[in-house]
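Visitor: So here's model37.txt (compact mmCIF, C-alpha atoms).
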# COMPACT_ATOMS: atom_id res chain seq x y z
CA MET A 19 9.72 1.59 16.71
CA GLY A 20 13.16 1.20 18.21
CA THR A 21 16.29 0.31 16.32
CA ASP A 22 16.34 -3.37 15.36
CA THR A 23 19.60 -5.22 15.15
CA LEU A 24 20.54 -8.33 13.24
CA ARG A 25 20.99 -11.16 15.73
CA THR A 26 21.91 -14.80 15.38
CA ASP A 27 21.89 -17.42 18.06
CA ALA A 28 25.25 -19.16 18.09
CA ALA A 29 24.30 -21.35 21.00
CA ASP A 30 22.12 -23.64 18.93
CA GLY A 31 25.07 -24.61 16.73
CA ALA A 32 23.30 -23.71 13.49
CA ASP A 33 25.09 -22.04 10.60
CA PRO A 34 24.12 -18.36 11.00
CA ALA A 35 24.16 -17.67 7.24
CA ALA A 36 21.97 -20.70 6.50
CA GLU A 37 19.55 -19.75 9.28
CA ARG A 38 19.39 -16.20 7.96
CA ARG A 39 18.64 -17.37 4.41
CA ARG A 40 15.94 -19.72 5.71
CA GLU A 41 14.32 -16.87 7.63
CA GLN A 42 14.56 -14.59 4.60
CA ARG A 43 12.80 -17.15 2.41
CA GLY A 44 10.02 -17.36 4.97
CA TRP A 45 9.80 -13.56 5.08
CA TYR A 46 9.26 -13.37 1.32
CA PHE A 47 6.16 -15.49 1.66
CA TYR A 48 4.26 -12.96 3.71
CA ASP A 49 4.29 -10.62 0.72
CA TRP A 50 3.20 -13.62 -1.38
CA ALA A 51 0.36 -14.19 1.10
CA CYS A 52 -1.06 -10.69 1.60
CA SER A 53 -0.48 -9.03 -1.79
CA VAL A 54 -3.43 -10.98 -3.21
CA TYR A 55 -5.68 -8.99 -0.88
CA SER A 56 -4.31 -5.70 -2.18
CA THR A 57 -4.60 -6.75 -5.82
CA SER A 58 -7.72 -8.89 -6.11
CA VAL A 59 -9.82 -7.41 -3.31
CA LEU A 60 -8.92 -3.75 -2.89
CA THR A 61 -7.85 -2.92 -6.43
CA VAL A 62 -10.12 -5.06 -8.62
CA PHE A 63 -13.24 -6.62 -7.17
CA LEU A 64 -14.41 -4.97 -3.97
CA GLY A 65 -14.80 -1.37 -5.19
CA PRO A 66 -17.23 -2.06 -8.05
CA TYR A 67 -18.99 -4.88 -6.18
CA LEU A 68 -19.50 -3.00 -2.90
CA THR A 69 -20.68 0.01 -4.89
CA SER A 70 -23.29 -2.17 -6.64
CA VAL A 71 -24.42 -3.60 -3.28
CA ALA A 72 -24.75 -0.08 -1.87
CA GLU A 73 -26.69 1.01 -4.95
CA SER A 74 -29.14 -1.87 -4.47
CA ALA A 75 -29.76 -0.63 -0.91
CA ALA A 76 -30.04 3.05 -1.90
CA ASP A 77 -33.20 5.10 -1.73
CA ALA A 78 -34.87 6.72 -4.73
CA ASP A 79 -32.36 9.57 -4.68
CA GLY A 80 -29.36 7.20 -4.76
CA TYR A 81 -28.39 7.57 -1.09
CA VAL A 82 -27.71 5.04 1.65
CA HIS A 83 -27.93 6.00 5.31
CA PRO A 84 -25.26 4.35 7.50
CA LEU A 85 -25.82 5.48 11.10
CA GLY A 86 -28.45 7.86 9.73
CA ILE A 87 -25.90 9.80 7.65
CA PRO A 88 -26.93 10.39 4.01
CA VAL A 89 -24.18 9.04 1.75
CA ARG A 90 -24.35 8.78 -2.02
CA ALA A 91 -24.04 5.08 -2.83
CA GLY A 92 -21.23 5.73 -5.28
CA SER A 93 -19.13 7.32 -2.49
CA PHE A 94 -19.58 4.55 0.09
CA PHE A 95 -16.53 2.51 -0.95
CA ALA A 96 -14.22 5.54 -0.94
CA TYR A 97 -15.46 6.60 2.50
CA SER A 98 -14.96 3.06 3.82
CA VAL A 99 -11.35 3.01 2.58
CA SER A 100 -10.77 6.38 4.24
CA LEU A 101 -12.23 5.15 7.55
CA SER A 102 -10.09 1.99 7.44
CA VAL A 103 -6.94 4.10 7.16
CA ILE A 104 -7.96 6.23 10.13
CA VAL A 105 -8.51 3.06 12.20
CA ALA A 106 -5.09 1.74 11.12
CA VAL A 107 -3.40 4.99 12.17
CA LEU A 108 -4.98 4.74 15.62
CA VAL A 109 -3.88 1.13 16.08
CA MET A 110 -0.40 1.06 14.49
CA PRO A 111 1.48 3.14 17.10
CA LEU A 112 0.06 1.04 19.93
CA VAL A 113 0.96 -2.26 18.26
CA GLY A 114 4.37 -0.97 17.21
CA ALA A 115 5.22 0.15 20.74
CA ALA A 116 4.04 -3.21 22.16
CA ALA A 117 6.20 -5.09 19.64
CA ASP A 118 9.28 -3.00 20.47
CA ARG A 119 8.87 -3.31 24.23
CA SER A 120 8.22 -7.06 24.25
CA GLY A 121 10.31 -8.18 21.27
CA ARG A 122 7.43 -10.54 20.40
CA LYS A 123 6.43 -9.42 16.94
CA LYS A 124 5.36 -12.81 15.65
CA PRO A 125 2.21 -13.23 17.81
CA LEU A 126 1.14 -9.69 16.88
CA LEU A 127 1.83 -10.37 13.19
CA ALA A 128 -0.23 -13.56 13.42
CA ALA A 129 -3.12 -11.73 15.11
CA ALA A 130 -3.17 -8.96 12.50
CA ALA A 131 -2.75 -11.32 9.53
CA TYR A 132 -5.51 -13.71 10.58
CA THR A 133 -7.87 -10.89 11.54
CA GLY A 134 -7.46 -9.52 8.01
CA ALA A 135 -7.68 -12.95 6.38
CA ALA A 136 -10.86 -13.82 8.33
CA ALA A 137 -12.55 -10.53 7.42
CA THR A 138 -11.64 -11.03 3.75
CA THR A 139 -12.91 -14.61 3.72
CA ALA A 140 -16.18 -13.42 5.28
CA MET A 141 -16.76 -11.23 2.21
CA PHE A 142 -18.25 -14.36 0.67
CA PHE A 143 -21.42 -13.44 2.59
CA LEU A 144 -21.59 -9.96 1.04
CA ASP A 145 -24.67 -10.22 -1.16
CA GLY A 146 -28.03 -8.57 -1.64
CA ASP A 147 -28.08 -5.17 0.02
CA ARG A 148 -25.59 -5.89 2.84
CA TYR A 149 -23.51 -2.80 2.18
CA LEU A 150 -22.95 -2.15 5.90
CA LEU A 151 -21.45 -5.63 6.30
CA GLY A 152 -19.23 -4.93 3.32
CA GLY A 153 -18.07 -1.62 4.76
CA LEU A 154 -17.33 -3.19 8.15
CA LEU A 155 -15.35 -6.08 6.65
CA LEU A 156 -13.39 -3.66 4.46
CA VAL A 157 -12.47 -1.48 7.45
CA VAL A 158 -11.34 -4.49 9.51
CA ALA A 159 -9.41 -6.18 6.68
CA ASN A 160 -7.69 -3.02 5.46
CA ALA A 161 -6.69 -1.85 8.93
CA ALA A 162 -5.41 -5.33 9.83
CA GLN A 163 -3.39 -5.49 6.63
CA SER A 164 -1.77 -2.13 7.42
CA VAL A 165 -0.80 -3.24 10.93
CA ALA A 166 0.53 -6.57 9.66
CA MET A 167 2.61 -4.88 6.95
CA MET A 168 4.15 -2.56 9.52
CA LEU A 169 5.24 -5.56 11.60
CA TYR A 170 6.37 -7.49 8.52
CA ASN A 171 8.55 -4.63 7.30
CA SER A 172 10.10 -4.21 10.75
CA TYR A 173 11.64 -7.69 10.43
CA LEU A 174 13.85 -6.61 7.53
CA PRO A 175 16.69 -5.07 9.62
CA GLN A 176 16.66 -8.21 11.79
CA ILE A 177 16.91 -10.80 9.03
CA ALA A 178 19.26 -9.01 6.60
CA PRO A 179 22.54 -7.15 7.18
CA PRO A 180 22.88 -3.79 5.41
CA GLU A 181 24.63 -5.22 2.36
CA GLU A 182 21.77 -7.69 1.74
CA ARG A 183 18.82 -5.46 2.57
CA ASP A 184 18.13 -4.03 -0.90
CA ALA A 185 18.16 -7.48 -2.51
CA VAL A 186 16.00 -9.08 0.19
CA SER A 187 13.47 -6.26 0.09
CA SER A 188 13.29 -6.40 -3.72
CA ARG A 189 12.71 -10.16 -3.70
CA GLY A 190 9.83 -9.77 -1.27
CA TRP A 191 8.32 -7.08 -3.51
CA ALA A 192 8.69 -9.39 -6.53
CA PHE A 193 7.03 -12.26 -4.65
CA GLY A 194 4.02 -10.03 -3.98
CA TYR A 195 3.62 -8.97 -7.61
CA ALA A 196 3.98 -12.59 -8.75
CA ALA A 197 1.28 -13.81 -6.37
CA GLY A 198 -1.06 -10.98 -7.31
CA SER A 199 -0.67 -11.72 -11.01
CA LEU A 200 -1.11 -15.49 -10.57
CA VAL A 201 -4.30 -15.22 -8.56
CA LEU A 202 -5.71 -12.54 -10.87
CA ILE A 203 -5.33 -14.93 -13.81
CA VAL A 204 -7.31 -17.58 -11.90
CA ASN A 205 -9.89 -14.93 -10.95
CA LEU A 206 -10.19 -13.91 -14.60
CA VAL A 207 -10.88 -17.51 -15.65
CA LEU A 208 -13.49 -17.97 -12.91
CA TYR A 209 -15.20 -14.63 -13.50
CA THR A 210 -15.38 -14.75 -17.27
CA GLY A 211 -16.48 -18.43 -17.26
CA HIS A 212 -18.85 -18.25 -14.32
CA ASP A 213 -21.78 -19.53 -16.39
CA SER A 214 -19.87 -22.64 -17.39
CA PHE A 215 -19.08 -23.25 -13.72
CA GLY A 216 -22.76 -22.92 -12.83
CA LEU A 217 -22.21 -19.69 -10.91
CA SER A 218 -23.90 -16.32 -11.02
CA GLU A 219 -21.74 -13.24 -11.56
CA SER A 220 -22.26 -12.23 -7.93
CA ALA A 221 -21.25 -15.68 -6.66
CA ALA A 222 -18.11 -15.64 -8.81
CA VAL A 223 -17.07 -12.25 -7.40
CA ARG A 224 -17.74 -13.38 -3.83
CA ILE A 225 -15.64 -16.52 -4.39
CA CYS A 226 -12.80 -14.37 -5.73
CA LEU A 227 -13.01 -12.13 -2.65
CA ALA A 228 -13.11 -15.02 -0.19
CA SER A 229 -10.35 -16.95 -1.93
CA ALA A 230 -8.00 -14.01 -1.32
CA GLY A 231 -8.64 -14.37 2.41
CA LEU A 232 -8.02 -18.12 2.30
CA TRP A 233 -4.80 -17.59 0.30
CA TRP A 234 -3.67 -14.95 2.80
CA GLY A 235 -4.29 -17.21 5.79
CA ALA A 236 -2.77 -20.34 4.22
CA PHE A 237 0.52 -18.81 3.06
CA ALA A 238 0.94 -16.69 6.21
CA LEU A 239 1.77 -19.97 7.95
CA ILE A 240 5.15 -20.07 6.18
CA PRO A 241 6.58 -16.81 7.57
CA LEU A 242 5.02 -17.48 10.95
CA ARG A 243 6.88 -20.79 11.11
CA ARG A 244 10.23 -19.43 9.92
CA LEU A 245 10.48 -15.95 11.42
CA ARG A 246 11.95 -15.77 14.94
CA ASP A 247 11.27 -13.38 17.78
CA ARG A 248 14.29 -11.56 19.18
CA ARG A 249 14.89 -10.41 22.72
CA ALA A 250 13.87 -6.81 23.09
CA VAL A 251 16.79 -4.39 22.83
CA ALA A 252 17.20 -2.17 25.88
CA ARG A 253 16.05 1.35 25.12
CA GLU A 254 16.43 4.63 26.89
CA ALA A 255 12.69 5.17 26.84
CA ALA A 256 10.02 2.64 25.94
CA LEU A 257 7.24 5.03 25.09
CA PRO A 258 3.66 4.15 24.30
CA GLY A 259 2.55 4.41 20.70
CA PHE A 260 1.71 8.06 20.13
CA ARG A 261 4.39 9.33 22.52
CA GLN A 262 6.99 7.39 20.53
CA LEU A 263 5.68 8.85 17.28
CA ALA A 264 5.73 12.33 18.83
CA ALA A 265 9.34 11.81 19.98
CA THR A 266 10.39 10.79 16.47
CA VAL A 267 8.63 13.80 14.96
CA ARG A 268 10.37 16.08 17.47
CA ASP A 269 13.70 14.62 16.39
CA MET A 270 12.75 15.18 12.74
CA ARG A 271 12.00 18.82 13.49
CA ARG A 272 15.72 19.27 14.13
CA ARG A 273 16.17 18.21 10.50
CA PRO A 274 13.55 20.36 8.73
CA LEU A 275 14.69 19.40 5.23
CA THR A 276 14.08 15.71 5.95
CA LEU A 277 10.65 16.66 7.27
CA ALA A 278 10.01 18.77 4.16
CA PHE A 279 10.76 15.81 1.89
CA LEU A 280 8.50 13.57 3.98
CA LEU A 281 5.64 16.07 3.64
CA ALA A 282 6.06 16.20 -0.15
CA TYR A 283 6.09 12.39 -0.34
CA LEU A 284 2.99 12.07 1.82
CA VAL A 285 1.05 14.42 -0.45
CA TYR A 286 1.88 12.83 -3.82
CA ASN A 287 1.83 9.27 -2.47
CA ASP A 288 -1.71 9.88 -1.21
CA GLY A 289 -2.64 10.62 -4.82
CA ILE A 290 -0.93 7.43 -5.99
CA GLN A 291 -2.71 5.25 -3.41
CA THR A 292 -6.08 6.79 -4.26
CA VAL A 293 -5.65 6.17 -7.99
CA ILE A 294 -4.83 2.52 -7.21
CA SER A 295 -7.89 2.01 -5.00
CA GLN A 296 -10.41 4.01 -7.05
CA ALA A 297 -9.42 3.25 -10.66
CA SER A 298 -11.61 0.13 -10.85
CA VAL A 299 -14.64 2.09 -9.62
CA TYR A 300 -13.95 4.75 -12.26
CA GLY A 301 -13.61 2.10 -14.95
CA SER A 302 -16.79 0.23 -14.05
CA GLU A 303 -19.08 3.11 -13.09
CA GLU A 304 -17.99 5.91 -15.45
CA LEU A 305 -16.48 4.04 -18.39
CA ASP A 306 -18.94 1.11 -18.39
CA LEU A 307 -16.16 -1.46 -18.51
CA GLY A 308 -16.69 -5.07 -17.49
CA GLN A 309 -14.93 -6.83 -14.64
CA SER A 310 -12.81 -8.92 -17.01
CA THR A 311 -11.48 -5.73 -18.64
CA LEU A 312 -10.56 -4.35 -15.22
CA ILE A 313 -8.74 -7.56 -14.28
CA VAL A 314 -6.68 -7.49 -17.48
CA ALA A 315 -5.88 -3.80 -16.87
CA VAL A 316 -4.66 -4.53 -13.34
CA LEU A 317 -2.54 -7.42 -14.66
CA LEU A 318 -1.02 -4.97 -17.13
CA VAL A 319 -0.25 -2.57 -14.28
CA GLN A 320 1.34 -5.38 -12.25
CA VAL A 321 3.70 -6.39 -15.05
CA LEU A 322 4.63 -2.89 -16.18
CA ALA A 323 5.21 -1.67 -12.61
CA VAL A 324 8.26 -3.93 -12.42
CA ALA A 325 9.54 -2.75 -15.82
CA GLY A 326 8.81 0.87 -14.92
CA ALA A 327 10.70 0.63 -11.65
CA LEU A 328 13.76 -0.73 -13.44
CA ALA A 329 13.52 1.95 -16.15
CA LEU A 330 13.12 4.81 -13.66
CA GLY A 331 16.01 3.37 -11.66
CA ARG A 332 18.22 3.67 -14.73
CA LEU A 333 17.01 7.23 -15.31
CA ALA A 334 17.80 8.06 -11.69
CA ARG A 335 21.39 6.88 -12.14
CA ARG A 336 21.73 9.31 -15.04
CA TYR A 337 19.64 12.30 -13.93
CA GLY A 338 19.32 11.82 -10.17
CA ALA A 339 16.48 10.47 -8.04
CA LYS A 340 14.87 13.84 -7.34
CA ARG A 341 14.60 14.84 -11.00
CA THR A 342 13.30 11.41 -11.94
CA ILE A 343 10.61 11.52 -9.23
CA LEU A 344 9.59 15.01 -10.38
CA GLY A 345 9.33 13.68 -13.93
CA SER A 346 7.17 10.80 -12.71
CA LEU A 347 4.81 13.27 -11.01
CA VAL A 348 4.42 15.09 -14.31
CA ALA A 349 3.62 11.73 -15.92
CA TRP A 350 1.02 11.00 -13.22
CA THR A 351 -0.63 14.37 -13.88
CA VAL A 352 -0.74 13.78 -17.64
CA THR A 353 -2.10 10.25 -17.11
CA LEU A 354 -4.97 11.48 -14.91
CA ALA A 355 -5.77 14.28 -17.33
CA ALA A 356 -5.95 11.70 -20.13
CA GLY A 357 -8.15 9.53 -17.95
CA TYR A 358 -10.65 12.37 -17.59
CA PHE A 359 -11.21 12.39 -21.36
CA LEU A 360 -11.38 8.61 -21.89
CA PRO A 361 -14.50 7.62 -23.83
CA ALA A 362 -16.90 5.19 -22.18
CA GLY A 363 -16.99 1.64 -23.45
CA ALA A 364 -13.49 1.77 -24.95
CA PRO A 365 -11.31 -0.93 -23.29
CA ALA A 366 -8.31 -0.27 -25.54
CA TRP A 367 -7.92 3.29 -24.28
CA PHE A 368 -8.33 2.11 -20.68
CA PHE A 369 -5.47 -0.34 -21.28
CA VAL A 370 -3.34 2.58 -22.50
CA LEU A 371 -4.18 4.41 -19.28
CA ALA A 372 -3.29 1.31 -17.24
CA ALA A 373 0.05 1.06 -19.06
CA GLY A 374 0.81 4.68 -18.17
CA ILE A 375 0.00 4.03 -14.50
CA GLY A 376 2.09 0.86 -14.43
CA LEU A 377 5.17 2.54 -15.93
CA VAL A 378 5.29 5.23 -13.24
CA LEU A 379 3.82 3.33 -10.27
CA GLY A 380 6.69 1.13 -9.13
CA GLY A 381 9.43 3.62 -9.92
CA SER A 382 7.95 6.67 -8.22
CA GLN A 383 7.46 4.77 -4.96
CA ALA A 384 10.74 2.83 -5.05
CA LEU A 385 12.81 5.95 -5.78
CA SER A 386 11.00 7.90 -3.06
CA ARG A 387 11.95 5.28 -0.48
CA SER A 388 15.57 5.16 -1.62
CA LEU A 389 15.85 8.96 -1.64
CA PHE A 390 14.38 9.14 1.87
CA SER A 391 17.00 6.64 3.07
CA HIS A 392 19.70 9.25 2.33
CA LEU A 393 17.89 11.75 4.56
CA VAL A 394 17.81 9.50 7.65
CA PRO A 395 20.52 10.18 10.25
CA PRO A 396 22.80 7.20 10.96
CA GLY A 397 21.57 4.99 13.79
CA LYS A 398 17.93 6.07 13.42
CA GLU A 399 16.98 4.01 10.35
CA ALA A 400 14.27 1.84 11.91
CA GLU A 401 12.76 4.69 13.92
CA TYR A 402 12.54 7.03 10.93
CA PHE A 403 11.23 4.39 8.55
CA SER A 404 8.53 3.43 11.06
CA ALA A 405 7.41 7.05 11.15
CA TYR A 406 7.66 7.12 7.34
CA GLU A 407 5.26 4.20 6.98
CA LEU A 408 2.92 5.34 9.74
CA SER A 409 2.74 8.86 8.34
CA ASP A 410 2.17 7.39 4.87
CA ARG A 411 -0.88 5.51 6.15
CA GLY A 412 -1.97 8.55 8.11
CA MET A 413 -2.22 10.77 5.06
CA SER A 414 -3.71 8.25 2.64
CA TRP A 415 -7.26 8.85 3.80
CA LEU A 416 -7.37 12.33 2.26
CA GLY A 417 -7.37 11.12 -1.35
CA PRO A 418 -10.32 8.71 -1.01
CA LEU A 419 -12.13 11.37 1.01
CA LEU A 420 -11.60 13.99 -1.73
CA PHE A 421 -12.64 11.46 -4.39
CA GLY A 422 -15.80 10.59 -2.46
CA LEU A 423 -16.70 14.19 -1.65
CA THR A 424 -16.17 15.31 -5.24
CA TYR A 425 -18.48 12.58 -6.50
CA GLN A 426 -21.01 13.35 -3.77
CA LEU A 427 -21.09 17.04 -4.73
CA THR A 428 -20.96 16.66 -8.52
CA GLY A 429 -22.31 13.18 -9.24
CA SER A 430 -19.44 12.76 -11.73
CA TYR A 431 -16.64 10.23 -11.46
CA ARG A 432 -14.74 12.21 -14.09
CA ASP A 433 -14.66 15.22 -11.76
CA ALA A 434 -13.66 12.90 -8.91
CA ILE A 435 -10.69 11.42 -10.81
CA ILE A 436 -9.42 14.78 -12.07
CA SER A 437 -9.58 16.21 -8.53
CA LEU A 438 -6.66 13.91 -7.63
CA VAL A 439 -4.34 15.97 -9.87
CA ALA A 440 -4.07 18.38 -6.93
CA PHE A 441 -2.02 15.84 -4.96
CA PHE A 442 0.55 15.49 -7.75
CA VAL A 443 0.81 19.21 -8.45
CA ILE A 444 1.18 20.15 -4.77
CA GLY A 445 3.60 17.25 -4.21
CA PHE A 446 5.68 18.39 -7.20
CA VAL A 447 5.93 21.95 -5.85
CA LEU A 448 6.86 20.77 -2.34
CA LEU A 449 9.50 18.31 -3.59
CA ALA A 450 11.00 20.82 -6.03
CA ARG A 451 11.62 23.19 -3.10
CA VAL A 452 13.65 20.61 -1.11
CA PRO A 453 17.45 21.05 -1.54
CA VAL A 454 18.18 17.33 -1.25
CA ARG A 455 21.99 17.62 -1.36
CA ARG A 456 21.96 19.97 1.63
CA ALA A 457 19.34 17.76 3.32
CA ILE A 458 21.62 14.72 2.99
CA GLY A 459 24.54 16.63 4.46
CA ASP A 460 22.41 17.95 7.34
CA ALA A 461 21.41 14.36 8.15
CA GLY A 462 25.09 13.46 8.54
CA ASN A 463 25.33 11.27 5.45
CA PRO A 464 27.82 11.40 2.55
CA VAL A 465 26.31 13.16 -0.48
CA PRO A 466 26.25 10.93 -3.61
CA GLU A 467 27.74 12.33 -6.78
CA ARG A 468 24.32 12.25 -8.44
CA ILE A 469 21.12 12.57 -6.45
Please re-express this file's structure in structure tokens.
Guide:
Amino acid sequence: MGTDTLRTDAADGADPAAERRREQRGWYFYDWACSVYSTSVLTVFLGPYLTSVAESAADADGYVHPLGIPVRAGSFFAYSVSLSVIVAVLVMPLVGAAADRSGRKKPLLAAAAYTGAAATTAMFFLDGDRYLLGGLLLVVANAAQSVAMMLYNSYLPQIAPPEERDAVSSRGWAFGYAAGSLVLIVNLVLYTGHDSFGLSESAAVRICLASAGLWWGAFALIPLRRLRDRRAVAREAALPGFRQLAATVRDMRRRPLTLAFLLAYLVYNDGIQTVISQASVYGSEELDLGQSTLIVAVLLVQVLAVAGALALGRLARRYGAKRTILGSLVAWTVTLAAGYFLPAGAPAWFFVLAAGIGLVLGGSQALSRSLFSHLVPPGKEAEYFSAYELSDRGMSWLGPLLFGLTYQLTGSYRDAIISLVAFFVIGFVLLARVPVRRAIGDAGNPVPERI
């Protein structure tokens, strides 16, 4: 996308600072609205539930046959996540270019948000052996959420001047974690007490899935009321989606060290995203853990991710961001290796694993984004960060695909989870080879004393 500028309309006589704060408060609420989908649907409930639906539709050999293609039922969810990311990558450049050319982001944000919310709400009808319906709704909801998040993030330079941006971004992130934790607690009460509510286990799960869509749609009204469209900024070239992405990549090629860091991030972040989306399937299918155990584990991750981000931030101030990220990748590798040896039916050990994930999750991603910000040439912040997010989504189909293929070939979720170590090892090697101090200087930025 093009460079966004902070604008205020003086003609309406409103206090610009007050208007900006009002818009910022509305912006926070989109994270509050959509994070429940990521937490309750994608991370906790849908993986195990869609897998069980696919298994009920499977043949005697354990395969389902979407479009005539033999797929092991246990791999169907991972393949669906992978397909949803591919769809998002095809759509995001087109939507991003349309938003930049027209300056009308809000209608596009509304369309993406309510497409995702409607698909999530429709998961209430996912019962019996309707695995194809589940896969379709997952692809639509996940792709829509990716597009909406791209548009949502692109508002940040417009609603916050540089000195406020870190604080505003952090508050939005905190709003999302708070909403995810709150709704998960309600889900836990409903799921564990479904008998007392006169509900079957399946009905309770479907209500939890649908309620995330209703929450998403209801709270999306707040940012859509408060965010404002800006007039499009004149640009030298208003390119269509993929041509704009190609132009940004060509510019990055003149800064190969920035591109080298981005490649390293894409590899290890793909591993992180796959662990997040597939951990509940591993816990339910391989470790024989109940849904309530998985919910508590995800709650633990949510809480410790905030603490871990703060702790890794302090370590980065002392040892530098690059060394701290490399240390976090070692921790990810050790955590996955420990996960491979977890005994089945042992919730306490799974909670230990969840604690390990939580402590490195928030920090490794937050520090990666802040380190990348030093590698962006001045005046190209929005353009580079758009490519950063789009490329992030573009790579994150490889992990689920590897997870699904490994399970398909071996029939073992333990082999599937340990296969993800490759992303952290390769990412570590690639990042270790990047001379970040020279990369910062080549980008035209002052080199911090400790990086």
Visitor: Could you list, as a ChimeraX atom specification, every residue within 12 Å of region 367-370 of chain A, counting only C-alpha atoms and ignoring same-chain residues fewer than 6 positions away?
Guide: /A:297-298,300-302,304-308,311-319,322,353-354,356-361,376-377
Visitor: How about saving the chosen residues, C-alpha atoms kept, as a short mmCIF file (atom, residue, chain, number, x, y, z; two decimals), keeping the file's coordinate frame?
Guide:
data_model
loop_
_atom_site.label_atom_id
_atom_site.label_comp_id
_atom_site.auth_asym_id
_atom_site.auth_seq_id
_atom_site.Cartn_x
_atom_site.Cartn_y
_atom_site.Cartn_z
CA ALA A 297 -9.42 3.25 -10.66
CA SER A 298 -11.61 0.13 -10.85
CA TYR A 300 -13.95 4.75 -12.26
CA GLY A 301 -13.61 2.10 -14.95
CA SER A 302 -16.79 0.23 -14.05
CA GLU A 304 -17.99 5.91 -15.45
CA LEU A 305 -16.48 4.04 -18.39
CA ASP A 306 -18.94 1.11 -18.39
CA LEU A 307 -16.16 -1.46 -18.51
CA GLY A 308 -16.69 -5.07 -17.49
CA THR A 311 -11.48 -5.73 -18.64
CA LEU A 312 -10.56 -4.35 -15.22
CA ILE A 313 -8.74 -7.56 -14.28
CA VAL A 314 -6.68 -7.49 -17.48
CA ALA A 315 -5.88 -3.80 -16.87
CA VAL A 316 -4.66 -4.53 -13.34
CA LEU A 317 -2.54 -7.42 -14.66
CA LEU A 318 -1.02 -4.97 -17.13
CA VAL A 319 -0.25 -2.57 -14.28
CA LEU A 322 4.63 -2.89 -16.18
CA THR A 353 -2.10 10.25 -17.11
CA LEU A 354 -4.97 11.48 -14.91
CA ALA A 356 -5.95 11.70 -20.13
CA GLY A 357 -8.15 9.53 -17.95
CA TYR A 358 -10.65 12.37 -17.59
CA PHE A 359 -11.21 12.39 -21.36
CA LEU A 360 -11.38 8.61 -21.89
CA PRO A 361 -14.50 7.62 -23.83
CA GLY A 376 2.09 0.86 -14.43
CA LEU A 377 5.17 2.54 -15.93
#
Visitor: Work out how far apart CA of Pro125 (chain A) and CA of Glu37 (chain A) are and give it in Å to one decimal.
Guide: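 A separation of 20.4 Å between them.
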Visitor: What separation in Å, quoted to one decimal, exists between CA of Gly231 (chain A) and CA of Gly134 (chain A)?
Guide: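 CA of Gly134 (chain A) lies at a distance of 7.5 Å from CA of Gly231 (chain A).
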Visitor: Between CA of Val447 (chain A) and CA of Gly289 (chain A), what is the distance in Å, rounded to a tenth?
Guide: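 Between CA of Val447 (chain A) and CA of Gly289 (chain A) the gap works out to 14.2 Å.
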Visitor: Select, from A:Val186, A:Ala461, A:Cys226, A:Leu232, the residue with the minimum atom-to-atom distance to Ala131 (chain A), counting only C-alpha atoms.
Guide: A:Leu232
Visitor: Counting all atoms listed in the file, find residues at most 10 Å from (-10.3, -4.6, -2.3) (file frame) and give them as a ChimeraX atom specification.
Guide: /A:54-68,95,99,138,156,159-160,227,230,295-296,298
Visitor: Hey, can I get the axis-aligned box for region 353-362 of chain A? All listed atoms, 4 Å padding on each side, centre and edge lengths in Å to one decimal, as lines of an AutoDock Vina configuration file.
Guide:
center_x = -9.5
center_y = 9.7
center_z = -19.4
size_x = 22.8
size_y = 17.1
size_z = 16.9
Visitor: Rank nothing, just name the residue among A:Leu127, A:Ala222, A:Leu284, A:Val352 nearest to Pro241 (chain A), using only C-alpha atoms.
Guide: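 Counting only C-alpha atoms, the residue closest to Pro241 (chain A) is A:Leu127.
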Visitor: Measuring atom to atom with all atoms listed in the file, identify which of A:Ala238, A:Ser70, A:Leu174, A:Gly80 is nearest to Ala129 (chain A).
Guide: A:Ala238
Visitor: If we count all atoms listed in the file and set the cut-off at 10 Å, which residues sit around Ala137 (chain A), ignoring sequence neighbours fewer than 3 positions away in its own chain? Please answer as an MDAnalysis selection string.
Guide: chainID A and resid 132:134 140:142 152 154:160 162 228 231
Visitor: Find the residues around Met270 (chain A) up to 10 Å (only C-alpha atoms counted), leave out those fewer than 3 positions away in its own chain, and share them as a PyMOL selection string.
Guide: chain A and resi 264-267+273-278+280+394-395+402+405+461
